$ cat upload.cif   # mmCIF, C-alpha atoms
data_protein
loop_
_atom_site.label_atom_id
_atom_site.label_comp_id
_atom_site.auth_asym_id
_atom_site.auth_seq_id
_atom_site.Cartn_x
_atom_site.Cartn_y
_atom_site.Cartn_z
CA MET A 1 39.42 71.40 68.42
CA THR A 2 42.58 72.79 66.85
CA GLN A 3 44.78 74.96 69.04
CA TYR A 4 47.31 77.54 67.91
CA SER A 5 50.26 79.12 69.66
CA PHE A 6 51.61 82.49 68.58
CA THR A 7 55.03 83.95 69.43
CA ALA A 8 55.42 87.71 69.18
CA GLN A 9 58.56 89.11 67.57
CA ARG A 10 58.26 92.21 69.77
CA PRO A 11 56.71 92.77 73.18
CA LEU A 12 52.99 93.39 73.17
CA GLU A 13 53.41 96.43 75.46
CA LYS A 14 55.32 99.50 74.36
CA TYR A 15 58.69 100.18 75.87
CA HIS A 16 58.08 101.98 79.17
CA ARG A 17 59.06 105.58 79.67
CA CYS A 18 61.29 106.37 82.61
CA ASP A 19 59.77 107.17 85.99
CA VAL A 20 59.14 110.93 85.84
CA GLY A 21 58.47 111.12 89.58
CA PHE A 22 61.86 109.63 90.39
CA LEU A 23 63.56 111.94 87.88
CA VAL A 24 61.91 115.03 89.41
CA SER A 25 62.84 114.02 92.97
CA PHE A 26 66.44 113.37 91.90
CA LEU A 27 66.70 116.81 90.25
CA MET A 28 65.11 118.46 93.29
CA LEU A 29 67.63 116.86 95.65
CA TRP A 30 70.49 117.97 93.44
CA GLY A 31 69.08 121.51 93.14
CA LEU A 32 68.58 121.85 96.89
CA GLY A 33 72.11 120.57 97.40
CA LEU A 34 73.54 123.18 95.04
CA PHE A 35 71.57 125.94 96.78
CA THR A 36 72.88 124.82 100.19
CA ILE A 37 76.47 124.74 98.94
CA ILE A 38 76.12 128.31 97.66
CA VAL A 39 74.82 129.40 101.06
CA CYS A 40 77.31 127.53 103.22
CA SER A 41 80.59 127.54 101.30
CA LYS A 42 81.12 131.23 100.60
CA ASP A 43 82.92 132.20 103.81
CA TYR A 44 84.95 129.01 103.85
CA SER A 45 86.09 129.58 100.26
CA ILE A 46 87.07 133.18 101.00
CA ASN A 47 88.91 132.51 104.25
CA LEU A 48 90.56 129.16 103.70
CA MET A 49 90.55 128.34 100.02
CA HIS A 50 91.59 130.53 97.11
CA LYS A 51 90.08 133.87 98.18
CA ASP A 52 87.30 133.00 95.78
CA ALA A 53 83.77 132.97 97.21
CA TYR A 54 82.50 130.53 94.58
CA TYR A 55 85.47 128.19 94.31
CA LEU A 56 83.65 125.24 95.92
CA VAL A 57 80.46 126.00 93.98
CA ARG A 58 82.33 125.85 90.67
CA ARG A 59 84.08 122.67 91.72
CA HIS A 60 80.73 121.11 92.60
CA LEU A 61 79.27 122.18 89.25
CA ILE A 62 82.19 120.60 87.38
CA SER A 63 81.71 117.35 89.29
CA SER A 64 77.97 117.55 88.66
CA GLY A 65 78.62 118.01 84.94
CA ILE A 66 80.66 114.80 84.87
CA GLY A 67 77.97 113.19 87.02
CA PHE A 68 75.23 114.15 84.56
CA GLY A 69 77.32 112.58 81.81
CA LEU A 70 77.46 109.34 83.79
CA PHE A 71 73.75 109.70 84.54
CA MET A 72 72.89 109.90 80.84
CA THR A 73 75.27 107.05 80.05
CA PHE A 74 73.69 104.61 82.49
CA LEU A 75 70.21 105.84 81.54
CA PHE A 76 70.52 105.08 77.82
CA LEU A 77 72.98 102.17 77.77
CA ASP A 78 71.48 98.84 76.77
CA MET A 79 70.94 96.80 79.94
CA ASN A 80 72.70 93.81 78.41
CA PHE A 81 75.72 96.02 77.75
CA ILE A 82 75.68 97.15 81.38
CA ARG A 83 75.79 93.48 82.35
CA LYS A 84 78.94 93.12 80.25
CA LEU A 85 80.45 96.20 81.93
CA VAL A 86 80.27 94.69 85.42
CA VAL A 87 83.51 92.68 85.18
CA PRO A 88 85.53 95.60 83.69
CA MET A 89 84.11 97.84 86.42
CA LEU A 90 85.28 95.32 89.02
CA ILE A 91 88.80 95.35 87.58
CA VAL A 92 88.95 99.16 87.41
CA THR A 93 87.62 99.48 90.96
CA ILE A 94 90.22 97.04 92.30
CA LEU A 95 93.00 98.91 90.49
CA LEU A 96 91.85 102.26 91.85
CA CYS A 97 91.65 100.87 95.38
CA GLY A 98 95.14 99.45 94.95
CA MET A 99 96.49 102.84 93.85
CA ILE A 100 95.55 104.22 97.27
CA PHE A 101 98.39 102.18 98.80
CA ILE A 102 100.97 103.58 96.36
CA LYS A 103 102.03 106.87 97.94
CA PRO A 104 102.94 108.84 94.78
CA LEU A 105 99.54 108.02 93.28
CA SER A 106 97.43 108.76 96.35
CA SER A 107 96.34 112.03 97.91
CA GLU A 108 96.05 112.84 101.61
CA ILE A 109 93.27 115.18 102.78
CA ASN A 110 92.87 116.09 106.46
CA GLY A 111 95.10 113.22 107.52
CA ALA A 112 93.19 110.58 105.54
CA THR A 113 94.60 108.87 102.44
CA ARG A 114 91.52 107.80 100.50
CA TRP A 115 91.89 109.60 97.17
CA VAL A 116 93.73 108.84 93.94
CA LYS A 117 95.51 111.70 92.23
CA PHE A 118 95.10 112.35 88.51
CA PRO A 119 96.72 114.95 86.25
CA GLY A 120 95.23 118.42 86.49
CA GLY A 121 94.66 118.30 90.23
CA PHE A 122 91.68 115.95 89.90
CA THR A 123 91.18 113.46 92.73
CA PHE A 124 88.83 110.51 93.04
CA GLN A 125 87.71 108.45 96.04
CA PRO A 126 87.57 104.76 95.00
CA SER A 127 85.40 103.74 97.97
CA GLU A 128 82.49 105.63 96.37
CA LEU A 129 82.86 103.56 93.21
CA VAL A 130 83.02 100.37 95.32
CA LYS A 131 79.40 100.95 96.40
CA PHE A 132 78.06 101.05 92.84
CA THR A 133 80.32 98.34 91.43
CA LEU A 134 79.61 95.90 94.25
CA VAL A 135 75.84 96.37 93.92
CA LEU A 136 75.95 95.68 90.16
CA TYR A 137 78.20 92.65 90.64
CA MET A 138 75.99 91.13 93.34
CA ALA A 139 72.86 91.81 91.27
CA LEU A 140 74.37 90.06 88.24
CA TYR A 141 75.68 87.16 90.32
CA PHE A 142 72.35 86.54 92.02
CA GLU A 143 70.55 86.71 88.67
CA LYS A 144 72.86 84.09 87.16
CA GLN A 145 72.60 81.86 90.22
CA GLU A 146 68.80 81.90 90.10
CA GLU A 147 68.85 80.93 86.43
CA LYS A 148 70.49 77.61 87.30
CA GLU A 149 68.10 74.70 87.43
CA ASP A 150 70.17 72.63 89.83
CA GLU A 151 69.55 73.98 93.34
CA SER A 152 72.73 72.33 94.62
CA GLU A 153 74.79 74.64 92.42
CA LYS A 154 73.46 77.78 94.07
CA SER A 155 76.62 78.45 96.01
CA VAL A 156 77.32 82.08 96.82
CA LEU A 157 80.85 81.44 98.07
CA VAL A 158 82.42 83.36 95.17
CA CYS A 159 80.12 86.33 95.75
CA VAL A 160 80.89 86.32 99.48
CA ALA A 161 84.62 86.21 98.73
CA VAL A 162 84.37 89.23 96.39
CA PHE A 163 82.17 91.05 98.89
CA VAL A 164 84.60 90.50 101.77
CA SER A 165 87.60 91.39 99.58
CA PHE A 166 86.13 94.81 98.78
CA LEU A 167 85.34 95.37 102.45
CA ALA A 168 88.99 94.62 103.25
CA LEU A 169 90.19 97.03 100.55
CA VAL A 170 88.06 99.88 101.89
CA LEU A 171 88.97 99.09 105.50
CA GLY A 172 92.62 99.12 104.47
CA GLN A 173 92.10 102.76 103.48
CA ARG A 174 91.13 103.41 107.12
CA ASP A 175 87.64 104.35 105.97
CA PHE A 176 85.78 102.64 108.80
CA SER A 177 82.40 104.31 108.29
CA THR A 178 82.23 103.51 104.55
CA THR A 179 83.28 99.92 105.25
CA PHE A 180 80.51 99.47 107.78
CA PHE A 181 77.97 101.08 105.44
CA ILE A 182 78.94 98.88 102.46
CA MET A 183 78.69 95.83 104.72
CA LEU A 184 75.12 96.76 105.70
CA VAL A 185 74.03 97.29 102.09
CA GLY A 186 75.66 94.02 101.01
CA ILE A 187 73.93 92.03 103.76
CA LEU A 188 70.64 93.68 102.77
CA LEU A 189 71.12 92.53 99.17
CA PHE A 190 71.88 88.98 100.32
CA PHE A 191 68.66 89.04 102.33
CA VAL A 192 66.53 90.51 99.51
CA ALA A 193 67.90 87.99 97.02
CA GLY A 194 66.80 85.16 99.31
CA GLN A 195 70.32 83.83 99.82
CA LYS A 196 71.23 81.85 102.91
CA LEU A 197 72.88 84.22 105.33
CA ASN A 198 74.82 81.40 106.97
CA TRP A 199 77.42 81.95 104.23
CA LEU A 200 78.14 85.28 105.88
CA ILE A 201 78.28 84.14 109.50
CA PRO A 202 81.98 83.08 109.66
CA PHE A 203 83.08 86.12 107.69
CA GLY A 204 80.81 88.35 109.76
CA VAL A 205 82.30 87.13 113.04
CA ILE A 206 85.84 87.72 111.78
CA PHE A 207 84.96 91.12 110.38
CA ALA A 208 83.14 92.18 113.55
CA PHE A 209 86.27 91.32 115.54
CA ILE A 210 88.43 93.33 113.14
CA ILE A 211 86.09 96.34 113.38
CA PHE A 212 86.16 96.08 117.17
CA LEU A 213 89.96 96.17 117.11
CA VAL A 214 90.01 99.06 114.64
CA VAL A 215 87.73 101.14 116.86
CA THR A 216 89.21 100.32 120.24
CA THR A 217 92.85 100.67 119.17
CA ASN A 218 92.36 104.07 117.52
CA ARG A 219 92.14 106.95 119.97
CA PHE A 220 90.34 109.27 117.56
CA ARG A 221 87.56 106.78 116.71
CA LEU A 222 87.18 105.84 120.37
CA ASP A 223 86.86 109.51 121.30
CA ARG A 224 84.15 109.93 118.68
CA ILE A 225 82.05 107.21 120.26
CA THR A 226 82.63 108.36 123.84
CA GLY A 227 81.94 111.93 122.75
CA TRP A 228 78.66 110.86 121.18
CA LEU A 229 77.67 109.05 124.38
CA ASN A 230 78.63 112.15 126.42
CA PRO A 231 77.65 115.11 124.20
CA THR A 232 78.11 117.70 126.95
CA GLN A 233 81.77 116.80 127.35
CA GLY A 234 84.60 118.16 125.26
CA HIS A 235 82.69 120.98 123.56
CA ASP A 236 85.90 122.51 122.27
CA ASN A 237 87.39 119.21 121.21
CA ILE A 238 85.80 116.09 119.77
CA ASN A 239 82.20 117.28 120.11
CA MET A 240 82.72 120.72 118.60
CA GLN A 241 81.25 119.88 115.19
CA ALA A 242 78.30 117.95 116.55
CA ASN A 243 77.40 120.52 119.22
CA ASN A 244 77.71 123.50 116.88
CA ALA A 245 75.66 121.67 114.25
CA LYS A 246 72.85 121.11 116.76
CA THR A 247 73.09 124.77 117.79
CA ALA A 248 72.79 125.85 114.15
CA ILE A 249 69.75 123.62 113.64
CA SER A 250 68.08 125.05 116.76
CA ALA A 251 68.86 128.59 115.63
CA GLY A 252 66.96 127.97 112.42
CA GLY A 253 63.70 127.70 114.35
CA PHE A 254 60.58 126.78 112.43
CA TRP A 255 60.90 129.10 109.42
CA GLY A 256 64.71 129.40 109.31
CA GLN A 257 67.13 132.32 109.43
CA GLY A 258 66.82 132.94 105.72
CA ILE A 259 69.38 132.82 102.93
CA GLY A 260 72.78 134.01 104.13
CA PHE A 261 71.70 134.92 107.67
CA GLY A 262 72.85 133.40 110.93
CA LEU A 263 75.96 131.92 109.35
CA SER A 264 78.17 132.85 112.30
CA LYS A 265 77.27 129.51 113.85
CA LEU A 266 78.07 127.66 110.65
CA ASN A 267 81.50 129.25 110.52
CA LYS A 268 82.30 127.47 113.80
CA ILE A 269 81.74 124.09 112.12
CA PRO A 270 84.97 123.07 110.36
CA GLU A 271 84.31 122.32 106.67
CA VAL A 272 80.54 122.66 107.03
CA HIS A 273 80.27 122.20 103.26
CA ALA A 274 81.19 118.54 103.67
CA ASP A 275 79.70 116.08 106.15
CA TYR A 276 77.75 118.66 108.19
CA ILE A 277 76.21 120.61 105.34
CA PHE A 278 72.71 119.59 106.44
CA ALA A 279 73.17 121.94 109.41
CA GLY A 280 73.45 124.78 106.87
CA TRP A 281 70.21 123.78 105.18
CA ALA A 282 68.42 123.47 108.53
CA GLU A 283 69.65 126.85 109.80
CA SER A 284 68.71 128.66 106.61
CA MET A 285 65.34 126.99 106.02
CA GLY A 286 64.34 125.92 109.55
CA TYR A 287 62.32 122.89 110.58
CA ILE A 288 59.99 123.41 107.64
CA GLY A 289 63.02 123.02 105.36
CA VAL A 290 64.00 119.81 107.15
CA ILE A 291 60.48 118.45 106.65
CA ILE A 292 60.57 119.42 102.96
CA TYR A 293 63.90 117.64 102.49
CA LEU A 294 62.68 114.48 104.23
CA CYS A 295 59.51 114.47 102.14
CA ILE A 296 61.50 114.73 98.91
CA LEU A 297 63.89 112.02 100.10
CA GLY A 298 60.92 109.83 101.04
CA PHE A 299 59.35 110.34 97.62
CA PHE A 300 62.72 109.58 96.00
CA GLY A 301 62.94 106.33 97.96
CA TRP A 302 59.33 105.36 97.25
CA ARG A 303 59.66 105.81 93.49
CA GLY A 304 63.03 104.07 93.46
CA TYR A 305 61.87 101.03 95.42
CA LYS A 306 58.71 100.85 93.32
CA THR A 307 60.92 100.76 90.23
CA SER A 308 62.96 97.88 91.64
CA LEU A 309 59.85 95.90 92.57
CA GLN A 310 58.33 96.33 89.11
CA CYS A 311 61.50 95.64 87.12
CA PRO A 312 61.02 92.55 84.88
CA THR A 313 64.60 91.30 85.35
CA ARG A 314 66.36 90.30 88.53
CA PHE A 315 69.56 92.13 87.57
CA GLY A 316 67.68 95.40 87.24
CA ALA A 317 65.56 94.72 90.32
CA TYR A 318 68.47 93.87 92.62
CA GLY A 319 70.69 96.57 91.14
CA SER A 320 68.15 99.38 91.45
CA PHE A 321 67.18 98.20 94.95
CA GLY A 322 70.82 98.37 96.04
CA CYS A 323 71.39 101.79 94.46
CA VAL A 324 68.27 103.29 96.05
CA SER A 325 69.24 101.79 99.40
CA ILE A 326 72.72 103.31 99.21
CA ILE A 327 71.45 106.83 98.55
CA VAL A 328 68.52 106.72 101.01
CA MET A 329 70.37 104.97 103.84
CA GLN A 330 73.41 107.22 103.42
CA SER A 331 71.19 110.32 103.50
CA ILE A 332 69.37 109.17 106.65
CA ALA A 333 72.66 108.26 108.34
CA ASN A 334 74.16 111.68 107.58
CA VAL A 335 71.09 113.54 108.89
CA MET A 336 71.14 111.44 112.06
CA VAL A 337 74.82 112.27 112.59
CA VAL A 338 74.19 116.01 112.19
CA CYS A 339 71.28 115.80 114.63
CA GLY A 340 73.42 113.90 117.14
CA LEU A 341 71.54 110.60 116.86
CA LEU A 342 74.63 108.76 115.56
CA PRO A 343 78.34 109.27 116.19
CA SER A 344 80.25 111.21 113.57
CA THR A 345 80.93 108.91 110.62
CA GLY A 346 82.38 110.96 107.78
CA ILE A 347 79.70 109.75 105.34
CA PRO A 348 78.69 112.59 102.96
CA LEU A 349 75.12 113.68 102.28
CA PRO A 350 74.29 112.64 98.68
CA PHE A 351 73.84 115.60 96.28
CA PHE A 352 74.57 118.09 99.11
CA SER A 353 78.09 117.54 100.40
CA VAL A 354 80.92 119.00 98.34
CA GLY A 355 82.73 115.95 97.04
CA GLY A 356 83.18 115.13 93.39
CA SER A 357 83.34 111.36 93.82
CA SER A 358 80.11 111.23 95.80
CA VAL A 359 78.00 113.33 93.45
CA MET A 360 79.32 111.58 90.32
CA ILE A 361 78.63 108.06 91.59
CA SER A 362 75.25 109.07 93.04
CA MET A 363 74.20 110.45 89.64
CA ALA A 364 75.44 107.32 87.87
CA MET A 365 73.32 105.19 90.21
CA CYS A 366 70.27 107.38 89.54
CA GLY A 367 70.79 106.88 85.80
CA PHE A 368 70.83 103.11 86.32
CA ILE A 369 67.65 103.26 88.43
CA LEU A 370 65.85 105.26 85.73
CA ASN A 371 67.08 102.80 83.11
CA THR A 372 65.48 99.92 85.01
CA SER A 373 62.24 101.93 85.31
CA ARG A 374 61.97 101.79 81.51
CA GLY A 375 61.83 98.01 81.48
CA GLU A 376 64.32 95.72 79.80
CA SER A 377 66.60 96.62 76.90
CA ARG A 378 65.13 97.70 73.57
CA ASP A 379 67.02 94.91 71.84
CA ASP A 380 65.94 92.24 74.29
CA TYR A 381 62.62 91.27 72.78
CA ALA A 382 61.13 88.65 75.03
CA ALA A 383 58.93 86.10 73.36
CA THR A 384 55.29 86.48 74.28
CA THR A 385 53.23 83.35 73.87
CA ILE A 386 49.45 83.16 73.70
CA ASP A 387 48.46 79.70 74.86
CA GLU A 388 45.20 77.86 74.57
CA LEU A 389 43.86 80.06 71.76
CA THR A 390 41.25 78.03 69.89
CA ILE A 391 39.99 78.39 66.33
CA ASP A 392 36.60 79.54 67.60
CA ASP A 393 38.19 82.47 69.47
CA LEU A 394 39.92 83.89 66.38
CA THR A 395 38.12 86.52 64.38
CA VAL A 396 40.97 87.07 61.92
CA LEU A 397 43.36 84.33 60.76
#

$ encode --input "upload.cif" --output "C-alpha cells"
Amino acid sequence: MTQYSFTAQRPLEKYHRCDVGFLVSFLMLWGLGLFTIIVCSKDYSINLMHKDAYYLVRRHLISSGIGFGLFMTFLFLDMNFIRKLVVPMLIVTILLCGMIFIKPLSSEINGATRWVKFPGGFTFQPSELVKFTLVLYMALYFEKQEEKEDESEKSVLVCVAVFVSFLALVLGQRDFSTTFFIMLVGILLFFVAGQKLNWLIPFGVIFAFIIFLVVTTNRFRLDRITGWLNPTQGHDNINMQANNAKTAISAGGFWGQGIGFGLSKLNKIPEVHADYIFAGWAESMGYIGVIIYLCILGFFGWRGYKTSLQCPTRFGAYGSFGCVSIIVMQSIANVMVVCGLLPSTGIPLPFFSVGGSSVMISMAMCGFILNTSRGESRDDYAATTIDELTIDDLTVL
C-alpha cells in the first residue's frame, strides 16, 4: 500500500500568545513596588535628598520607563536574533565591568564602587547585567552542546571558564553577595541542563577558599555575620537596620498601620527605600500584605517555570528558567534578610527597591520570559511531518 509523507511549510498550531498570567503577576509586582516606594521614600527624599518628596519616585519611574522599553524589546525580538545578541551582550558586559576599575569612569556610593558613570548623572551597575547576560550565554551554550551528535565533544570547559571569569569580575567589585548569588544560579543552570558538575569542583573549591578569605579578612562583612548570629548585640551598630526592620514588621500587625502611618520606625532604617524596603510594605500592609506579596510572587514563579518547561527550544527553556530563578530567588533572599533569617546581603528586592539597574534588567528578563511563552520565532517555521499516512486514510488528495 502506497505511503505518503507531507511536510508543512508552516506549523500546524497557531503561534502562541504570551502567558497572560505571568504578565499580570509581573505588572502587579511592579505596581506594588511603586506604591511601596511612594510610601517609604517621602521622608528620606525630603530630609536627605533634594528637598523633594517625590525625587526617588520620579527616578524610579524614569528607570521603569527604560525598563519597559527593554521589556518590549525582548518580548518582540525574534528569538534567533536574541541568540545573535548574546555575544555582543557578553562583550558589552565585560567592558562595563572593566570600567568599574577605571576611577574616572566609576561612581562610588556609600563606600562601594560598583557603578559606571554616564553623562547626565546616569549611573549603571554592571553586576545586574551580568546576571541576565550570563544566563543567556549559558542557555545558548548548552543548546549548542546538546545539538552535537558526538557525546565526547560535550565539553563545558569554555562555559565554566566564562562563568568563573564573570564571578571574578563581580567579586573584584567587592560585591560579595551578588557574586555568591550568581554562583548559585549558575550551578543551578548546570544542574538543570544535565551537565556533569565535576567540571565545577576544582573551580568551586578555589572560589570557596577565596570567598572565605574575603569574608574573614573584612571586618565589616565579619561583623555582619556575627551580628546575624547574635541579633541582640550591637543594636545601635551593625544590627540597627535588621532590628529596626523586624520592629517595623511587628508594628504592622495583621492588618498593617495603613498608608503613611507608623513611619517613625522606618525613618530609623537607613535608606529603607533600598534593600530593606520590604519592611515598609510589611508595616503599612501588615501580615496580610506579606501573604499577598508571597502569593503573587509564587504565582509569578509558577507561571514562569511553567513557561520554561513548555518552551519548545532549549535556549528559551534554559534562559527563561534562569531568569525566573534570578527574580524569585533574589526576592526570597531579600525577604529573608529583612525578616532576620539571613545576614544582610545588599541584594535588592526586584521591582521594589529603588535602583535603576535592578528594575531595568528585571523587566528585560520578564520580556524574555514572555517571549519564550509565545513559542519559537515567527520566522522559524519548523517542518512538521505526517508519517505513515496511507492512501486509504486520505479523504482529499

$ closest_atom_pairs --input "upload.cif" --of "segment 135-240 of chain A" --to "segment 308-325 of chain A" --cutoff "9 Å" --atoms "all atoms listed in the file" --output "tab-separated table"
residue	atom	partner	partner_atom	distance
A:Val135	CA	A:Gly322	CA	5.8
A:Leu136	CA	A:Gly319	CA	5.4
A:Tyr137	CA	A:Gly319	CA	8.5
A:Met138	CA	A:Gly319	CA	7.9
A:Ala139	CA	A:Phe315	CA	5.0
A:Leu140	CA	A:Phe315	CA	5.3
A:Tyr141	CA	A:Phe315	CA	8.3
A:Phe142	CA	A:Phe315	CA	7.7
A:Glu143	CA	A:Arg314	CA	5.5
A:Lys144	CA	A:Phe315	CA	8.7
A:Glu146	CA	A:Arg314	CA	8.9
A:Val185	CA	A:Gly322	CA	6.9
A:Gly186	CA	A:Gly322	CA	8.2
A:Leu188	CA	A:Gly322	CA	8.2
A:Leu189	CA	A:Gly322	CA	6.6
A:Val192	CA	A:Tyr318	CA	7.9
A:Ala193	CA	A:Tyr318	CA	7.4

$ atom_distance --input "upload.cif" --atom1 "atom CA of Val20 of chain A" --atom2 "atom CA of Phe71 of chain A"
14.7 Å

$ axis_aligned_box --input "upload.cif" --around "segment 295-312 of chain A" --padding-each-side "6 Å" --output "JSON"
{"center_x": 61.1, "center_y": 103.6, "center_z": 93.5, "size_x": 17.6, "size_y": 34.2, "size_z": 29.3}

$ resolve_selection --input "upload.cif" --expression "the PyMOL selection byres ((chain A and resi 242) around 8)" --output "list in words"
Asn239, Met240, Gln241, Asn243, Asn244, Ala245, Lys246, Val337, Val338, Cys339, Gly340 and Ser344 of chain A

$ resolve_selection --input "upload.cif" --expression "the PyMOL selection byres ((chain A and resi 100-104) around 8)" --output "ChimeraX atom specification"
/A:96-99,105-107,113-116,173

$ atom_distance --input "upload.cif" --atom1 "atom CA of Ser353 of chain A" --atom2 "atom CA of Arg219 of chain A"
26.3 Å

$ atom_distance --input "upload.cif" --atom1 "atom CA of Ile249 of chain A" --atom2 "atom CA of Glu283 of chain A"
5.0 Å

$ resolve_selection --input "upload.cif" --expression "the PyMOL selection byres ((chain A and resi 157-161) around 10)" --output "list in words"
Leu134, Tyr137, Met138, Tyr141, Phe142, Lys154, Ser155, Val156, Val162, Phe163, Val164, Ser165, Phe166, Leu167, Gly186, Ile187, Phe190, Trp199, Leu200 and Phe203 of chain A

$ write_last_selection --input "upload.cif" --atoms "C-alpha atoms" --output "compact mmCIF listing (two decimals), keeping the file's coordinate frame"
# COMPACT_ATOMS: atom_id res chain seq x y z
CA LEU A 134 79.61 95.90 94.25
CA TYR A 137 78.20 92.65 90.64
CA MET A 138 75.99 91.13 93.34
CA TYR A 141 75.68 87.16 90.32
CA PHE A 142 72.35 86.54 92.02
CA LYS A 154 73.46 77.78 94.07
CA SER A 155 76.62 78.45 96.01
CA VAL A 156 77.32 82.08 96.82
CA VAL A 162 84.37 89.23 96.39
CA PHE A 163 82.17 91.05 98.89
CA VAL A 164 84.60 90.50 101.77
CA SER A 165 87.60 91.39 99.58
CA PHE A 166 86.13 94.81 98.78
CA LEU A 167 85.34 95.37 102.45
CA GLY A 186 75.66 94.02 101.01
CA ILE A 187 73.93 92.03 103.76
CA PHE A 190 71.88 88.98 100.32
CA TRP A 199 77.42 81.95 104.23
CA LEU A 200 78.14 85.28 105.88
CA PHE A 203 83.08 86.12 107.69

$ closest_residue --input "upload.cif" --among "A:Trp281, A:Trp30, A:Phe68, A:Phe132" --to "Thr93 of chain A" --atoms "only C-alpha atoms"
A:Phe132

$ residues_around --input "upload.cif" --residues "segment 365-371 of chain A" --least-positions-apart "2" --cutoff "7 Å" --atoms "all atoms listed in the file" --output "MDAnalysis selection string"
chainID A and resid 18:19 71:72 74:76 132 304 320 323 361:363 373:374

$ residues_around --input "upload.cif" --residues "Ala251 of chain A" --least-positions-apart "5" --cutoff "10 Å" --atoms "only C-alpha atoms" --output "ChimeraX atom specification"
/A:245-246,256-257,262,265,282-284,286

$ closest_residue --input "upload.cif" --among "A:Thr345, A:Thr372, A:Ser41, A:Asn80" --to "Ile225 of chain A" --atoms "only C-alpha atoms"
A:Thr345

$ closest_residue --input "upload.cif" --among "A:Tyr305, A:Phe209, A:Phe124, A:Phe176" --to "Gly355 of chain A" --atoms "only C-alpha atoms"
A:Phe124

$ closest_residue --input "upload.cif" --among "A:Ile206, A:Leu70, A:Arg59, A:Ala274" --to "Gly121 of chain A" --atoms "all atoms listed in the file"
A:Arg59

$ residues_near_point --input "upload.cif" --point "(82.5, 95.4, 90.3)" --cutoff "6 Å" --atoms "all atoms listed in the file" --output "VMD selection string"
chain A and resid 86 to 87 89 to 90 133 to 134 137

$ closest_residue --input "upload.cif" --among "A:Asp52, A:Ile326, A:Pro350, A:Asn198" --to "Leu32 of chain A" --atoms "all atoms listed in the file"
A:Pro350

$ closest_residue --input "upload.cif" --among "A:Thr217, A:Gln145, A:Thr307, A:Ser64" --to "Phe22 of chain A" --atoms "all atoms listed in the file"
A:Thr307
